[in-house]
Each structure stands twice: as C-alpha cells, then as structure tokens.
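What follows is one structure encoded as structure tokens, with my remarks underneath.
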Amino acid sequence: MNLYIESLIEYLKGEWDHVLKISDGPREARFIVQSLDPESVFALFKALDDHRLSWLQKQNIKCCFRVATGLWREWCRDPDAEAQLHQKMAVLGAIGPNGERDWIDEEDRLTWYRNRTIQDYEGVDGLVVVLVGLNHASDQGGLTDFHRVDEARIWYEMGESFVPWIKRINKRLDLNAVDGELELFDMVLQQLFQVRPLRLHKLADFLERQVIAGGDFYSLADFTERFFELLPFWGIPPLFTSGQPADLRGKKGAAVLKEADAFISHQRYKTTSGRKRDWLKIEKALGNSEIELPMTVGNEAIYDDVAAYRDTLYAFIHEANGDARERLLQTDLMPLLKILRTRDSSKKTSKTVPAITGMSFEVMLQGIWRALEEFAKDCGGQSLTEQLSGVHVELIRFDHDLTADDDGGVGAEELARELLQGCLGGLDEVFEGIDCRLPRDEDQARLPRVQWDHVVPITLDLKLDDLKYGTSRARPNVQFKVIVAGIDLDQTTEAVFKWVLSPTQPERVRFECARNVRELWLKERNPDRFLPTFQISSLSMTALYFAADADEANRLVNQAMTDLELVNLLDGLSSEQMDANLRRLTTGLITAYRAWLDVAVIEGYYTARANQMPQLLSAFVDLAEKVLDTQLLGSAELLRRFYKAFFLVDERVEANDPYLPGAIAWGLSPAVLELTQARAGFLADGFPEAVGELAIGGDGKAAFERLLDLAQIHRPLAALVADTQQLSATIKSFGLLHYLGPPPPTENSLAVQTLLRDEGNDDDEDVRDIVRPCEERDLVARVLSDYQQLYSFAEDGLRILAVNVRELQVVLSGVGRFLDDYLKRTSADWPPFHCTVMVYTTSSSPMAMENRLALWRNHVMERQREKGRPLTLSVGHRYAPKDQIVDLLKQEKRLYDIAFLFHFLRAGLVGHADPTMPFEFDFGGWSGLQFPITEYPRPTQDGDRYRRQSLLSSVHP
C-alpha cells in the first residue's frame, strides 16, 4: 500500500478512536480529506470499513464514507471510467442491494453530512463521517465543522521527517539498516523537497511504483542508489554512484542533488558570465583524450561520441535547447558536476575591497567568516571538514589620516605605527588561543566538540614594521588579507578587507584617550598617590547623553579631551586618616592601573589585557571588598571617593559627595575593561563553534550572527547612586561608552545642539551596521509573520509603526528579515507588496536618522529588485522625545496595522537594591568568564503591581 495512504489511515483511525473514547464528549467525528485518486480512496475506505467492523464488536456506531460529487465527476471524465470504478467497488462490497454506490455522494449532499448527529440515528453510540474530495468540494463554507486532513496535516504528524516512512521501507524490504543510515537518506529526501514542492502522495507513489517495484535490494545503499537513478521522475538528471556509494549518502547526496537541480534549471546560465565560467571548465575537461562518455538511463545510446555529448551541453547551456535538456535528463550528471566543481585557478579577486566597521577582533573574525563561506562554495558541495587546513590573517596596508607632530619630532608614519600598536598589540596571541576543531567524519560529528580532533589553526601576522603606510584623509582604513588554505595546495581562497579606522572608531578613541591620560598623569607631582576621576565640562556630558550613536559619542569624547582634567580623589584625605590595609590596597590599585596604562599605550591593548589586566582587576576587587568594611578607619570617606574613580564626570562632582548624579563609564574604566577582556575571550571561544556548525552543514551563519550580537556590551554597571535616596539603573550605551544615571538637569540647549552632529552620514557607511542581526530581529519578524496569518489582507501590504526607537537596528533588521522571507515564498506574478515603515526616534540627530532610513530603504529595494514579487517600500521618521510621544501619536492621520513600542521597560529605572546570595556558574571551559552578563526582569508578584525587579549575574558593581 502507498506509504502516504498508510499514514493517512493511521491518522484517521487514531483521531476516530480518540473522539469516540471521550465519555463526556459529543462522540462525533467528521473528517474532510484532500482529493485523491480512486485506488487510494478505495484502499482508504476499505481500511476504515475494517476498523468500523472492529468497533461494532464493542459499540453500535454509524459510519459514512463518501467521495465528494465534484471528485467523482472528475474520475468519470473518461467514457469507460464509471463502469470500471463501479466494478472495483463491487469487488470491495461497496455497492448496495439496489445498485447504489455506498461510497459516492452522487447528490452533492455535503451540508447534509455536516448536519448529521447521533440523535438522527436510533440506538447509535457514535458517529464517524469521512468525506474525500476537499479540493473538489462545491461548498467550501460548509467545511467549517469538518476536521481537515491534507498533506500538511500528515507531514506535521510525521514530525516533518521522512524517517517514519524509511523505517517502514527498511522493515518491509528487510534491509537491516541502522538509525544512522535512515537519517542519512532522510537528508536526501529533505533536500529533494527544498528544490521541489512537497507532495507526499506523489513521493509515496514514486517510491512504491518506481523505486521498490524496480528491483531487488540487499541494503539501504542499494535502495538509495536506485532512488538517484530515477531522479528524472522529478525533472532532475540521474546520478549514478559509479562504484562510490558514499558520494550519494547524507549531506553529500543532498548536496549533489541540489547541484543537479541547479544545473538543469538553467538559472545559472541566464547571464553571460555564468555560461562562460562553466563552459570554460567543460571545454577543458572534454578536451582530455581519456574522457569517457557518461552513463545513460537503461544504457541507451544517446551520444555517438564525446563530440555529440559536447554539442548537447553547448546547446543546453548557451541556447537553452529543449531537446538537449531532455537528453541530459537521461544522462548521468555526476561526471559533469565533478567538472563544474573544479576551481578556476585564474579567478580574479574583486577590485572593490569590502569595508567592515567595528572592533578589531570582531572585524577580523567577520573577514575570516566571509572568506570561509567563499571557500565552502569553492569546495563544490564537498564537506568543509574534509577540505579546510588552516586560516591565516595578515595586515597589508594602513591608509591613515594622521599628520606629523613637528613639535615632538614624530613623523606621520611613526604616529600611525604607534596607533596600530596601541589598538592591535597582542591580538596575535589571542588568535593563537582560538581552539578551532572540526570532525574528521560524520561519525565524529555526532560526538561533543571537545572530542573533534581535526585542528584548524587560525593565525594573525602583526609585523607592523613591514606594513605599507599611505594616507586617506576621508576614510582611514587598515587593509588585511584572509588566506583560507585547503588540504590540496591549489585549493586556497584569499580575500582582502578594509577595517575602517576613522577618528571615531572606539579602539582608536580609547588609545588616544589613554595616551592623553598617561601624559597628564606623568605631570602630576605625586603620581603614585593619585586616584583619578576624569573631569570634562557639563556641556560635553549633556551632549554625550543626547548623542545619536556610538560614532557621535566617540567624536564628542575626542572633543572633550582638549579640556580634560585629572582630579585626584585622594586630595583632602591624608594617609593618617586611613587604615594601613586601605592605604596599601589603594596604592596597589594605583600602581596596577598605571602599569596597565603604560603597557596599553606602548605595547598595545591586547598585550595589556593578557599581562596587566588580571592584576588590575584583582587590585580593584580587593579594594572594593575591603572598603566596604565600616569598622576600618577612613573606609566611609574612601568609599565615597573610590566610587567615582576612573569615570568621566563633570565639574559638579565633588570627591567627598555621597552620590554621583551622572557618570560615563568608558574604555579606561575597570568595569568596562573587565567586560572587554571577557568579550575577547567570549568571541575566541564562540567562533570555533560557528565554524563547526558551518562545517557540518548546520546554520553556521545564524550561530555567528548570534555570537556577534551576544558580544555587545550594554551594562558594565548595574546601577548608580544618583542621589542620597535612590539608585538609578538608567543607562545609555554606545559601544565602549556608557552614560550612567538619569538625564542631565541641563536642557538640550542651543549650546549642546551645536556640539551634536545633525548632518547626514558618510556616503560610504556600510548598511550592514544598520541591519546587523540583533535579538529583537527575530521577534519583530515573527510578529509581522503572525499578523499576516491572522489577517489575509496583510498579504497585500503592511503599515508598520515603531515608537520610542533608540537604535534603528532593532526595527529595521526585523522588517528586512520579514521582507526577505515573505517575498521569497510569494509569486512574482502577484501585484507589488506595499510596505510602510514609520519610525519615532528619541535621537537628537533627526537628520542622521533620516539618512540612515533612506540608506536602508535603498539597500532593501536594490536587494529585492528583479528577485520575484515587486516591492513598494516607503519610510518615514519623526523625532519624538518621550514626553511628547502620546501627543504626537494623537496627531497621526494614518492608520497602522502593527505598532511596536520599544524600550518601555527602560523607563523609570530608579529604586533601591536588595542584597541576595552570590551564585556561581560552570562555563564549561570557556574563558568568557561572566560575559555576557545575564540580566532579565523578574516577574511582578501579587501586591507589587507597580514594582519591577531585575536579577543580574554576580559581577562586581
């Protein structure tokens, strides 16, 4: 029996039994089944009738099995069909004593069957109605009370896997296959329906009548081989094993099936470059005198010689000839696919070098990832685990925007070298610590990653003295090359990228600030007894609060450095007023911080991270714990001073104040340093996992994007004592800069606005930064998708409103994801999809936001152009401070389908802290330590309607 009909029978019988066994239920089951062919329906009804007889031995039930009138008429189109079908039903006992057809609804009484109840039949304990012909029912509205059973329902019941069917085949044919083999064939079937519409009944018919009926099988490998030989049934050329069955197993089999479909679809040959690229490989291969003709279905003599085969390929590739396509559908495509997989040694790299913005380590990992994806494509479907040998990164050139320091006698190139040393020094050692492992085979892939033994070294060459230096005033950048080496010497992928190192790049700002602080500290009279806080003007502090993004915040910090003052928090607190242990620990912290600062400026941040930062953080924690001991002399006064150390503050802050109205934790604050240290370890530990997912055929891209998203720093400190009564957990994060505390008392005055940027973005801004995946992306996309399922009119378009937006990324990445997924699965013949996105932002740089929205719109329109269904996309923006949002929304004249309210949980983050027990967590060997911080809102409890609490991981406050 057809596998699909078997599954259908099992499902109907199971639901039937479930309904009739519920003692207090209606005991009435009504099913409407999709339209099927006569043989399948008769087999279905015969099995259901047998089930009816088994029930009659226990209870008196009434069953109605009927074929819808429309489907019956479809069956009887041929003149002789009705008589033949009548005869088949007579054999099965489905013809009544007066010649009536018991299984056929010849009077189109679907509504009548829908209205049948137990009360219509005397002495009946249950009622079962099964109608077949869902697709031919004349009254679709009358189907509402029926349980619809179609292929989608059965596919769901199968767990969206073909393993249940393969198990039946395995048992029926006595193939003795193990579970692993069943899963490998399931991969192949899953891939088939990635390139063809999922039709379970057609597949079951194919397996039954074509594959199983076609020969004897001694193993599942024989069955798989027969399956690939019969692919022309699906419009895909056959694939013969040629003595290498492993090539058609599991992921390899799925990959070649996908390649075969891509070839025969002719899509890759719509462009001249696609035709030229593959034809050059074919000509070269067929020119070999040892080349043999490929096998054909049934060993039919389709080609007289290799020249005839070549002519057929030429006619198909260059002319899209239909006869050539038909011949190729009878020809083994495996030899040709191997030819097309060969890598073109003359392939030239693109002249345009991709630019990547961000932190150095993250940027280089992104470059490696893109190169690995390209390498995987060049492998032509072969497993990355079998081909990848190693990855190497080297710097090529630094085009900087620096000018010579004539007063100091330092040239521009020397300053550029110092800048790179400060930003990258020691990063090569971080690369050496990346433990990237891949499985050697599919068996090892099932083991934990720590047991994989194919080690892939990832290295970085930091020879700054040999680096080429140039100038680029508009867009300074560091060019680096990623070399992905394969097992074969000629299988190497090289890719060049630009790391944008503009004046507002966070690590560049951190280095220049560190150098400035170090110079100012050396000028102090007693630097060894100097516990600093870094003072800037209140105007700069206010402007930083209103910054639109990290670029603007870093630019404002750069500007503020001209007036930076180092304030000694120990002034007014003599050594005699402090306990000896407090003096020792304070001096130890100052010494450790200065040691870190010296190495960070001279040898580089990553060198200081490895060698000096552990001592610095340890010294900071030791003093923090000791100063909380109220029994020690001077602890209370030192605590008030220590609390403000290493922050950016304004001139309103006094060293001995018991609170801090506002502060900026920046790249030189121990709280931020602790997280940047852990962040590098987190990326180094997580990147091999993403590579492993890519290698074994998983969703490596999603894993890598999630890794980058989790690596963002959002809250280096839990809260700030903003005044004598309350804590404030309000924070605005800009990468390495974090404004802590409530909004500044100074209004966004004209003086502040002059500091803020209100012009458009750089024309070269990478839209990747705007749409970089984040945690909110999938949520936004899922909400839009769910809305479409609820309201059919949303298939025509959506109007989306996003309110209280601080970062465009949270809404635009989600909308972009939704459009990509939705438009991909809709027909190109449908009318344009109209999408409107209106964004209310709290940014004080409206022009910057509007320019980014326009950049995103252009990116999406270009991405969707000529892809399929047309898209009409419009965007709008309005600057809306929080206290004006409600009034502005009331003025909206347009109605929207969906509105998103972002960041509402971040309002009013003031309160007090309750101590709780510390907790520990086993990070399983990861060096990520406490990164990323675990923070989630605790649910409100009865009696606390207006109270919100947060639980944070045990990091140092």
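We label chains A, B, ... in the order they appear in the structure tokens, count residues from 1 in each chain, and number ligands from 1 in the order shown.
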
For Val886 in chain A, find every residue with an atom within 12 Å (counting only C-alpha atoms), except residues of its own chain fewer than 6 positions away, and show them as number ranges by chain. A: 803-804, 840, 880, 892, 901

Which residues are near range 304-311 of chain A? Cut-off 9 Å, only C-alpha atoms, ignore same chain within fewer than 6 positions. Put them as an MDAnalysis selection string. chainID A and resid 282:283 286 291:294 324

Between A:Glu414, A:Asp247, A:Asp629, A:Asp466, which is the closest to Met334 in chain A once you count only C-alpha atoms? A:Asp247

Residue neighbourhood Leu200 in chain A, 8 Å, only C-alpha atoms, exclusion window fewer than 4 positions, as a ChimeraX atom specification: /A:4,151,155,204

Would you write out those residues with N, CA and C atoms, as an mmCIF file, in the first residue's frame?
data_model
loop_
_atom_site.group_PDB
_atom_site.id
_atom_site.type_symbol
_atom_site.label_atom_id
_atom_site.label_comp_id
_atom_site.auth_asym_id
_atom_site.auth_seq_id
_atom_site.Cartn_x
_atom_site.Cartn_y
_atom_site.Cartn_z
ATOM 1 N N TYR A 4 1.843 7.020 1.881
ATOM 2 C CA TYR A 4 1.027 8.162 2.307
ATOM 3 C C TYR A 4 -0.348 7.698 2.767
ATOM 4 N N GLU A 151 -2.133 16.915 3.189
ATOM 5 C CA GLU A 151 -0.717 16.538 3.290
ATOM 6 C C GLU A 151 0.004 17.332 4.364
ATOM 7 N N TRP A 155 2.117 15.618 7.259
ATOM 8 C CA TRP A 155 3.534 15.981 7.375
ATOM 9 C C TRP A 155 3.861 16.430 8.800
ATOM 10 N N ALA A 204 5.196 9.097 -2.228
ATOM 11 C CA ALA A 204 4.861 7.724 -1.854
ATOM 12 C C ALA A 204 4.590 6.872 -3.083
#

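Nearest to Phe734 in chain A of all the residues A:Pro457, A:Gly408, A:Gly667, A:Pro846 is A:Gly667, based on only C-alpha atoms.
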
Pick out the residues sitting within 12 Å of Ala560 in chain A, and hand them over as an MDAnalysis selection string; count only C-alpha atoms, and ignore anything fewer than 5 positions along from it in its own chain. chainID A and resid 509 513 516 534:544 553:555 565 648:650 755

My list of candidates is A:Asp401, A:Asp488, A:Glu776, A:Glu637. Which is closest to Arg706 in chain A when distances are computed with only C-alpha atoms?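 The answer is A:Glu776, which sits nearest to Arg706 in chain A.
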
Can you list every residue in range 371-477 of chain A that DSSP puts in strand (DSSP E), as a PyMOL selection string? chain A and resi 388-400+437-438+454-455+458-461+468-471+477

Using only C-alpha atoms, pick whichever of A:Lys251, A:Arg101, A:Lys202, A:Lys167 has the shortest atom-to-atom distance to Leu220 in chain A.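 Closest to Leu220 in chain A of all the choices is A:Lys167.
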